[in-house]
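Data block below; observations after.
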Amino acid sequence: MTPARAPSAPRREAAPAPETAVTTYREALREAHREALQRDPRVFLMGEDVGRYGGSFAVSLGLVEEFGEERIRDTPLSESAFTGAGIGAAIRGMRPIVEIMTVNFSLLALDQILNNAATLLHMSGGQLAVPLVIRMTTGGGRQLAAQHSHSLEGWYAHIPGLRVLAPATLEDARGMLWPALQDPDPVLIFEHGSLYGLKGSLPDPLPEVDIATAAVRRPGSDVTLVAYGGGLGKTLEAAELLAADGIEAEVIDLRVLRPLDDATLLGSLARTHRAVVVDEAWRSGSLAGEISARLAEKGFWDLDAPVERVCGAEVPLPYAAHLEQAALPQPETIAAAARRAVRGDGTGEDQGDGSGDG
Amino acid sequence: MTALAHDRETLLAQGAPALLRQMIRVRRFEEKCVELYSATKIRGFLHLCIGEEAVAVGVISSLGPGDAVVSTYREHGHALARGVPMNAVMAEMFGKATGCSRGRGGSMHLFDADLRFYGGNAIVGGGMPPSVGMALADRMNDRDDVTACIFGEGAMAEGEFHESANLAALWHLPVLFVCENNRYAMGTALAREHAETDLTVRAASYGMVAWAVDGMDVLAVREAAERAIALVRGGGGPCFLELRTYRFRAHSMYDPDRYRDKAEIERWRQSDPIPRLTGELLAQGVVSDDEVATWEGEIAQEIEAAIASAEAAPLEPVSDLTRFVTSERQTP
């Protein structure tokens with residue numbers, strides 16, 4: 001049949017299928033779940049309020065109606081038990097997705113994540129792989145105070161045996177889940193709470209998404225800004241502020257917090273010779289510290305200025321909006337750090353976090 | 001009541017000699033481990049189940065080949081009873097490449113995925129949530145396998161017990177909770193760690209069938225385990241067995257055993273499961289002294305061969321240090 005002669009063809013030509021569809025980060029995640037549940041009968045989702053409630057951040061809204069209570073499984077408030085159950089089910093051949101409401105709550109499951117999920121393969125001499133995906137919300141900025149707002153993904157990025165992802169874009173929200181489920185080992189996905197409502201469009205067809213590399217989100221020649229997750233948007237804003245000053249910043253989205261993609265980071269540094277690392281987590285012992293160390297260890301001769309870090313202030317995140325915002329990296333503070341790096345007029349700002357020892 | 005494959009009388013006549021032989025095998029193996037520890041061939045922590053063999057042998061002999069065993073750090077007996085080859089267990093303790101965990105686990109982390117022996121968890125209570133998950137996967141796939149989750153009474157003070165018991169009962173999962181109650185959480189006596197010392201009451205409060213058995217009597221253990229496994233396999237949801245036992249030796253090789261009365265240990269030695277069953281079988285004429293002596297000889301040989309094999313085995317090359325941190329191949 002010639003499409004042009006089909007009855008509906010002229011109308012289609014008049015209004016061609018859009019190459020992009022407007023969606024949100026939340027909906028992109030939901031579509032990723034739907035695709036995984038349709039493609040692989042071993043996949044199921046479990047966690048607190050993922051079913052009838054629709055997910056505490058509405059990621060799984062409607063999935064229980066579509067896939068049933070066996071595969072969209074509401075759990076009791078037992079983070080350790082349902083995370084560990086995900087581990088057991090994965091060992092036994094399933095491909096579970098465990099949703100933990102926030103990273104702060106994941107500490108109740110830390111024993112299972114560290115001592116079992118990340119460890120069993122090695123401790124058993126290669127016998128027990130754990131193909132489990134654990135998703136959780138992270139980050140601040142929503143006035144949820146100190147037990148719902150921290151950025152502890154760096155702790156998980158410390159642990160050998162885990163792969164740690166931080167989707168910051170709609171494409172990654174849509175595309176990271178499937179490759180994560182194909183990984184034979186545990187994968188943690190950190191969704192910054194400020195991103196769920198992020199609007200945008202996805203290309204059609206969807207591009208292949210990897211879970212191994214960092215991405216250059218904005219090319220530039222003067223300074224490398226390294227960010228991830230909820231920090232990416234602010235960092236891109238900072239790059240615009242810098243552009244107004246005539247400074248062209250290259251913005252790297254880490255995407256994968258473990259294992260780190262050193263090649264992309266060092267490649268950018270070789271072009272710009274200056275780097276600022278943006279991390280909402282506390283600076284002491286942070287992922288930003290790890291990245292700075294790698295840049296210094298492997299990129300020392302490329303550096304024309306000390307590596308700058310813009311991190312969260314070292315306080316439990318407070319409730320009041322002005323205090324919370326003051327504790328978090330902002331486009332202005334990121335831009336200021338970049339200017340210091342570019343103009344070489346300082347050796348880093350004292351963040352007053354009490355973490356230095358003089 | 002579910003019909004049993006073995007009641008005590010048939011067990012005495014048929015299965016008991018094999019159970020006795022297996023208990024002796026576990027006992028002699030661990031006695032040798034003490035010597036090897038003193039000789040510094042085995043290092044790290046070494047937790048012995050001497051005195052508790054009836055639990056390992058009675059429960060695990062009741063399981064089928066498709067069933068799973070999730071155990072603790074006091075698991076030499078569980079591993080041997082499950083059929084993990086003694087050579088592989090010994091080599092693991094020697095830290096050798098031929099060990100059942102390729103020298104990466106040691107005494108506390110024995111694994112054999114083919115036998116569904118998931119060893120070897122040294123975080124008290126840590127094996128419980130994965131047990132629930134294995135049972136969940138079995139139920140979701142309509143398999144009738146049972147996951148036996150073995151733990152000590154100390155684990156019942158952990159949140160993971162309560163979370164896992166609740167989840168298994170809520171979802172009606174085929175988990176057999178096996179509480180190997182040796183009365184001491186390391187050095188802390190039962191009554192000093194639990195407000196309610198009748199552990200079956202606490203398990204039953206989650207809505208599962210729970211009962212306590214003399215864990216020094218392998219036939220009683222076996223009978224109870226068969227009954228419980230039949231219930232679980234038959235779709236009755238999880239079941240809880242408390243096996244009241246005692247470890248004759250200290251918690252580990254590091255433990256000076258200051259917290260127990262010598263008279264108490266002596267009293268429990270009177271119900272040592274091995275002489276108890278040996279005496280019963282000899283009296284009934286089911287086995288003879290000669291047979292028992294023959295077993296002892298065979299077992300001694302098996303142990304010597306395991307030691308020789310472990311001594312001769314290669315070490316894992318240091319170049320393989322970071323192997324098995326991530327998978328080398330896709331999991332199907």
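Here, A, B, ... name the chains of the structure tokens in the order displayed, residue numbers run from 1 inside each chain, and ligands are numbered from 1 in the same displayed order.
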
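Excluding B:Ala91 itself and same-chain residues fewer than 4 positions from it, the residues having an atom within 8 Å of it are Asn87, Gly95, Lys96, Ala97, Thr98, Gly99, Cys100, Gly103, Ala306, Ile307, Ser309, Ala310, Glu311 and Ala313 of chain B, counting only C-alpha atoms.
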
Next item on the list: Would you kindly return, as a PyMOL selection string, each protein, DNA or RNA residue with an atom no farther than 12 Å from any atom of A:Pro131, considering only C-alpha atoms and excluding same-chain residues fewer than 6 positions away?
Entry: (chain A and resi 42-43+86-98+117-118+120-121+161-163+179-188) or (chain B and resi 326-327+329-332)

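Taking atom CA of A:Leu170 and atom CA of A:Asp279 as the two end points, the separation is 20.1 Å.
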
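Residues with any atom within 12 Å of A:Pro41, counting only C-alpha atoms and excluding same-chain neighbours fewer than 2 positions away, are Arg34, Glu35, Ala36, Leu37, Gln38, Arg39, Val43, Phe44, Leu45, Phe67, Glu70, Arg71, Gly93, Met94, Arg95 and Pro96 of chain A; Ala137, Met140 and Asn141 of chain B.
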
Next item on the list: From a DSSP pass on the backbone, collect the residues of stretch 153-294 of chain B flagged as strand (DSSP E or B) and hand them back as a ChimeraX atom specification.
Entry: /B:175-181,184-185,188-189,209-214,239-244

For chain B against chain A, with a cut-off of 7 Å and counting only C-alpha atoms, what is the closest atom pair and its distance in Å to one decimal for every residue that makes the cut, ordered by chain and number, as CSV?
```
residue,atom,partner,partner_atom,distance
B:Ser101,CA,A:Gly125,CA,4.3
B:Arg102,CA,A:Gly125,CA,4.9
B:Arg104,CA,A:Met123,CA,5.3
B:Gly105,CA,A:Met123,CA,5.0
B:His109,CA,A:Met123,CA,6.8
B:Phe111,CA,A:Ser124,CA,5.6
B:Ala113,CA,A:Gln127,CA,6.1
B:Gly126,CA,A:Gln112,CA,6.9
B:Pro129,CA,A:Gly84,CA,4.4
B:Pro130,CA,A:Gly88,CA,3.9
B:Ser131,CA,A:Gly88,CA,6.0
B:Val132,CA,A:Ala85,CA,5.4
B:Gly133,CA,A:Ala85,CA,3.5
B:Met134,CA,A:Gly88,CA,4.5
B:Leu136,CA,A:Ala89,CA,6.5
B:Ala137,CA,A:Ala89,CA,5.0
B:Glu160,CA,A:Ala81,CA,6.3
B:Glu163,CA,A:Ala81,CA,5.5
B:Ser164,CA,A:Ala81,CA,5.4
B:Phe324,CA,A:His122,CA,4.6
B:Val325,CA,A:Gly161,CA,5.0
B:Thr326,CA,A:Gly161,CA,5.5
B:Ser327,CA,A:Pro184,CA,6.3
B:Gln330,CA,A:Pro184,CA,5.4
B:Thr331,CA,A:Pro184,CA,5.1
```

Next item on the list: Determine the nearest neighbour of B:Ala68 from the options B:Arg21, B:Arg116, B:Lys32, B:His162, counting only C-alpha atoms.
Entry: B:Arg116

Item checked: Non-local contacts of B:Ala79 (12 Å; only C-alpha atoms; under 6 positions in same chain excluded) as a VMD selection string -> chain B and resid 22 25 to 26 29 49 53 56 to 57 59 to 61 68 to 73 85 to 90 92 100 107 to 113 115 to 120 150

Take the residues from that selection and put them in a file with C-alpha atoms, as a PDB file, in the first residue's frame.
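Listing of part.pdb after writing:
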```pdb
ATOM      1  CA  GLN B  22      26.399 -36.686  59.657  1.00  0.00           C
ATOM      2  CA  ARG B  25      31.107 -35.797  60.702  1.00  0.00           C
ATOM      3  CA  VAL B  26      30.292 -32.173  61.578  1.00  0.00           C
ATOM      4  CA  PHE B  29      35.371 -31.574  61.324  1.00  0.00           C
ATOM      5  CA  CYS B  49      28.493 -25.286  66.350  1.00  0.00           C
ATOM      6  CA  GLU B  53      24.762 -30.380  65.298  1.00  0.00           C
ATOM      7  CA  ALA B  56      22.010 -28.402  61.217  1.00  0.00           C
ATOM      8  CA  VAL B  57      21.553 -32.067  60.430  1.00  0.00           C
ATOM      9  CA  VAL B  59      16.653 -29.401  59.507  1.00  0.00           C
ATOM     10  CA  ILE B  60      18.808 -29.518  56.407  1.00  0.00           C
ATOM     11  CA  SER B  61      18.325 -33.231  55.807  1.00  0.00           C
ATOM     12  CA  ALA B  68      17.360 -22.829  49.697  1.00  0.00           C
ATOM     13  CA  VAL B  69      19.385 -22.454  52.881  1.00  0.00           C
ATOM     14  CA  VAL B  70      20.302 -18.991  54.116  1.00  0.00           C
ATOM     15  CA  SER B  71      22.544 -19.232  57.124  1.00  0.00           C
ATOM     16  CA  THR B  72      24.726 -17.330  59.533  1.00  0.00           C
ATOM     17  CA  TYR B  73      28.405 -17.070  60.403  1.00  0.00           C
ATOM     18  CA  PRO B  85      32.069 -30.719  49.791  1.00  0.00           C
ATOM     19  CA  MET B  86      34.309 -30.834  52.850  1.00  0.00           C
ATOM     20  CA  ASN B  87      37.331 -30.140  50.660  1.00  0.00           C
ATOM     21  CA  ALA B  88      35.790 -26.880  49.499  1.00  0.00           C
ATOM     22  CA  VAL B  89      34.840 -25.835  53.035  1.00  0.00           C
ATOM     23  CA  MET B  90      38.292 -26.636  54.403  1.00  0.00           C
ATOM     24  CA  GLU B  92      37.912 -21.840  52.130  1.00  0.00           C
ATOM     25  CA  CYS B 100      33.845 -22.656  48.132  1.00  0.00           C
ATOM     26  CA  SER B 107      34.735 -19.489  57.847  1.00  0.00           C
ATOM     27  CA  MET B 108      31.882 -16.999  58.095  1.00  0.00           C
ATOM     28  CA  HIS B 109      31.023 -16.835  54.397  1.00  0.00           C
ATOM     29  CA  LEU B 110      30.590 -20.274  52.877  1.00  0.00           C
ATOM     30  CA  PHE B 111      28.568 -20.288  49.644  1.00  0.00           C
ATOM     31  CA  ASP B 112      27.495 -22.850  47.083  1.00  0.00           C
ATOM     32  CA  ALA B 113      25.026 -21.417  44.603  1.00  0.00           C
ATOM     33  CA  LEU B 115      23.299 -26.300  46.146  1.00  0.00           C
ATOM     34  CA  ARG B 116      21.325 -23.148  46.897  1.00  0.00           C
ATOM     35  CA  PHE B 117      23.425 -22.665  50.002  1.00  0.00           C
ATOM     36  CA  TYR B 118      23.531 -18.916  50.553  1.00  0.00           C
ATOM     37  CA  GLY B 119      25.827 -19.242  53.426  1.00  0.00           C
ATOM     38  CA  GLY B 120      27.500 -17.282  55.361  1.00  0.00           C
ATOM     39  CA  ILE B 150      18.538 -20.060  59.850  1.00  0.00           C
TER      40      ILE B 150
END
```

Checklist line | Pairwise distance for atom CA of A:Glu69 and atom CA of B:Val175, rounded to one decimal in Å | finding: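 Separation of atom CA of A:Glu69 and atom CA of B:Val175: 20.7 Å.
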
Checklist line | Nearby residues (only C-alpha atoms) at most 12 Å from A:Ser149, same-chain spacing under 6 positions excluded, as a PyMOL selection string | finding: chain A and resi 101-105+136-143+191-194+230+280-282+312+315-319+324-325+327-328

Check: So what do you get for atom CA of A:Ser151 versus atom CA of A:Ile72, distance-wise?
Finding: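 Atom CA of A:Ser151 sits 26.9 Å away from atom CA of A:Ile72.
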
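Neighbouring residues of A:Arg339 at 10 Å or closer, counting only C-alpha atoms and skipping chain neighbours under 2 positions away, are A:Asp222, A:Val223, A:Leu242, A:Asp245, A:Ile247, A:Val276, A:Thr333, A:Ile334, A:Ala335, A:Ala336, A:Ala337, A:Ala341, A:Val342, A:Arg343, A:Gly344, A:Asp345, A:Gly346.
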
Long-range neighbours of B:Val287 as a tab-separated table (two decimals) with N, CA and C atoms, in the first residue's frame, 12 Å cut-off, only C-alpha atoms, 6 positions minimum in chain:
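Output file selection-v3.tsv follows:
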```tsv
chain	number	residue	atom	x	y	z
B	12	LEU	N	13.84	-43.87	63.43
B	12	LEU	CA	14.79	-44.69	64.19
B	12	LEU	C	15.25	-45.88	63.37
B	13	ALA	N	14.32	-46.48	62.70
B	13	ALA	CA	14.64	-47.69	61.96
B	13	ALA	C	15.37	-47.39	60.65
B	14	GLN	N	15.05	-46.22	60.05
B	14	GLN	CA	15.57	-45.98	58.69
B	14	GLN	C	16.60	-44.84	58.61
B	15	GLY	N	16.18	-43.63	58.92
B	15	GLY	CA	17.04	-42.49	58.63
B	15	GLY	C	18.06	-42.16	59.70
B	16	ALA	N	17.82	-42.66	60.90
B	16	ALA	CA	18.62	-42.21	62.03
B	16	ALA	C	20.12	-42.46	61.88
B	17	PRO	N	20.53	-43.62	61.37
B	17	PRO	CA	21.99	-43.83	61.27
B	17	PRO	C	22.67	-42.76	60.41
B	18	ALA	N	22.04	-42.37	59.32
B	18	ALA	CA	22.64	-41.35	58.45
B	18	ALA	C	22.72	-40.02	59.18
B	20	LEU	N	22.97	-39.61	62.41
B	20	LEU	CA	24.04	-39.73	63.42
B	20	LEU	C	25.41	-39.58	62.77
B	21	ARG	N	25.58	-40.27	61.65
B	21	ARG	CA	26.88	-40.20	60.97
B	21	ARG	C	27.19	-38.76	60.57
B	277	LEU	N	21.94	-40.04	70.69
B	277	LEU	CA	21.39	-40.87	69.61
B	277	LEU	C	22.19	-42.16	69.47
B	278	THR	N	23.50	-42.06	69.65
B	278	THR	CA	24.32	-43.28	69.55
B	278	THR	C	23.81	-44.33	70.53
B	279	GLY	N	23.61	-43.88	71.77
B	279	GLY	CA	23.13	-44.82	72.79
B	279	GLY	C	21.79	-45.43	72.40
B	280	GLU	N	20.91	-44.60	71.90
B	280	GLU	CA	19.57	-45.07	71.54
B	280	GLU	C	19.64	-46.11	70.41
B	281	LEU	N	20.48	-45.80	69.41
B	281	LEU	CA	20.57	-46.71	68.26
B	281	LEU	C	21.28	-48.01	68.62
B	293	ALA	N	32.44	-47.24	64.70
B	293	ALA	CA	33.90	-47.15	64.58
B	293	ALA	C	34.30	-47.00	63.11
B	294	THR	N	33.62	-47.71	62.25
B	294	THR	CA	33.90	-47.60	60.81
B	294	THR	C	33.66	-46.17	60.33
B	295	TRP	N	32.52	-45.61	60.74
B	295	TRP	CA	32.24	-44.20	60.35
B	295	TRP	C	33.35	-43.29	60.82
```

Item checked: Per-residue DSSP, stretch 76-228 of chain A, filtered to helix (DSSP H, G or I), as a ChimeraX atom specification -> /A:79-91,103-117,120-123,145-147,153-156,170-175,177-182,193-195

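Using only C-alpha atoms, the smallest distance between any of B:Asp217, B:Glu266, B:Glu316, B:Glu304 and B:Gly58 comes from B:Asp217.
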
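Among the candidates A:Leu236, A:Ala249, A:Leu225, A:Ala32, the one nearest to A:Ala275 when counting only C-alpha atoms is A:Leu225.
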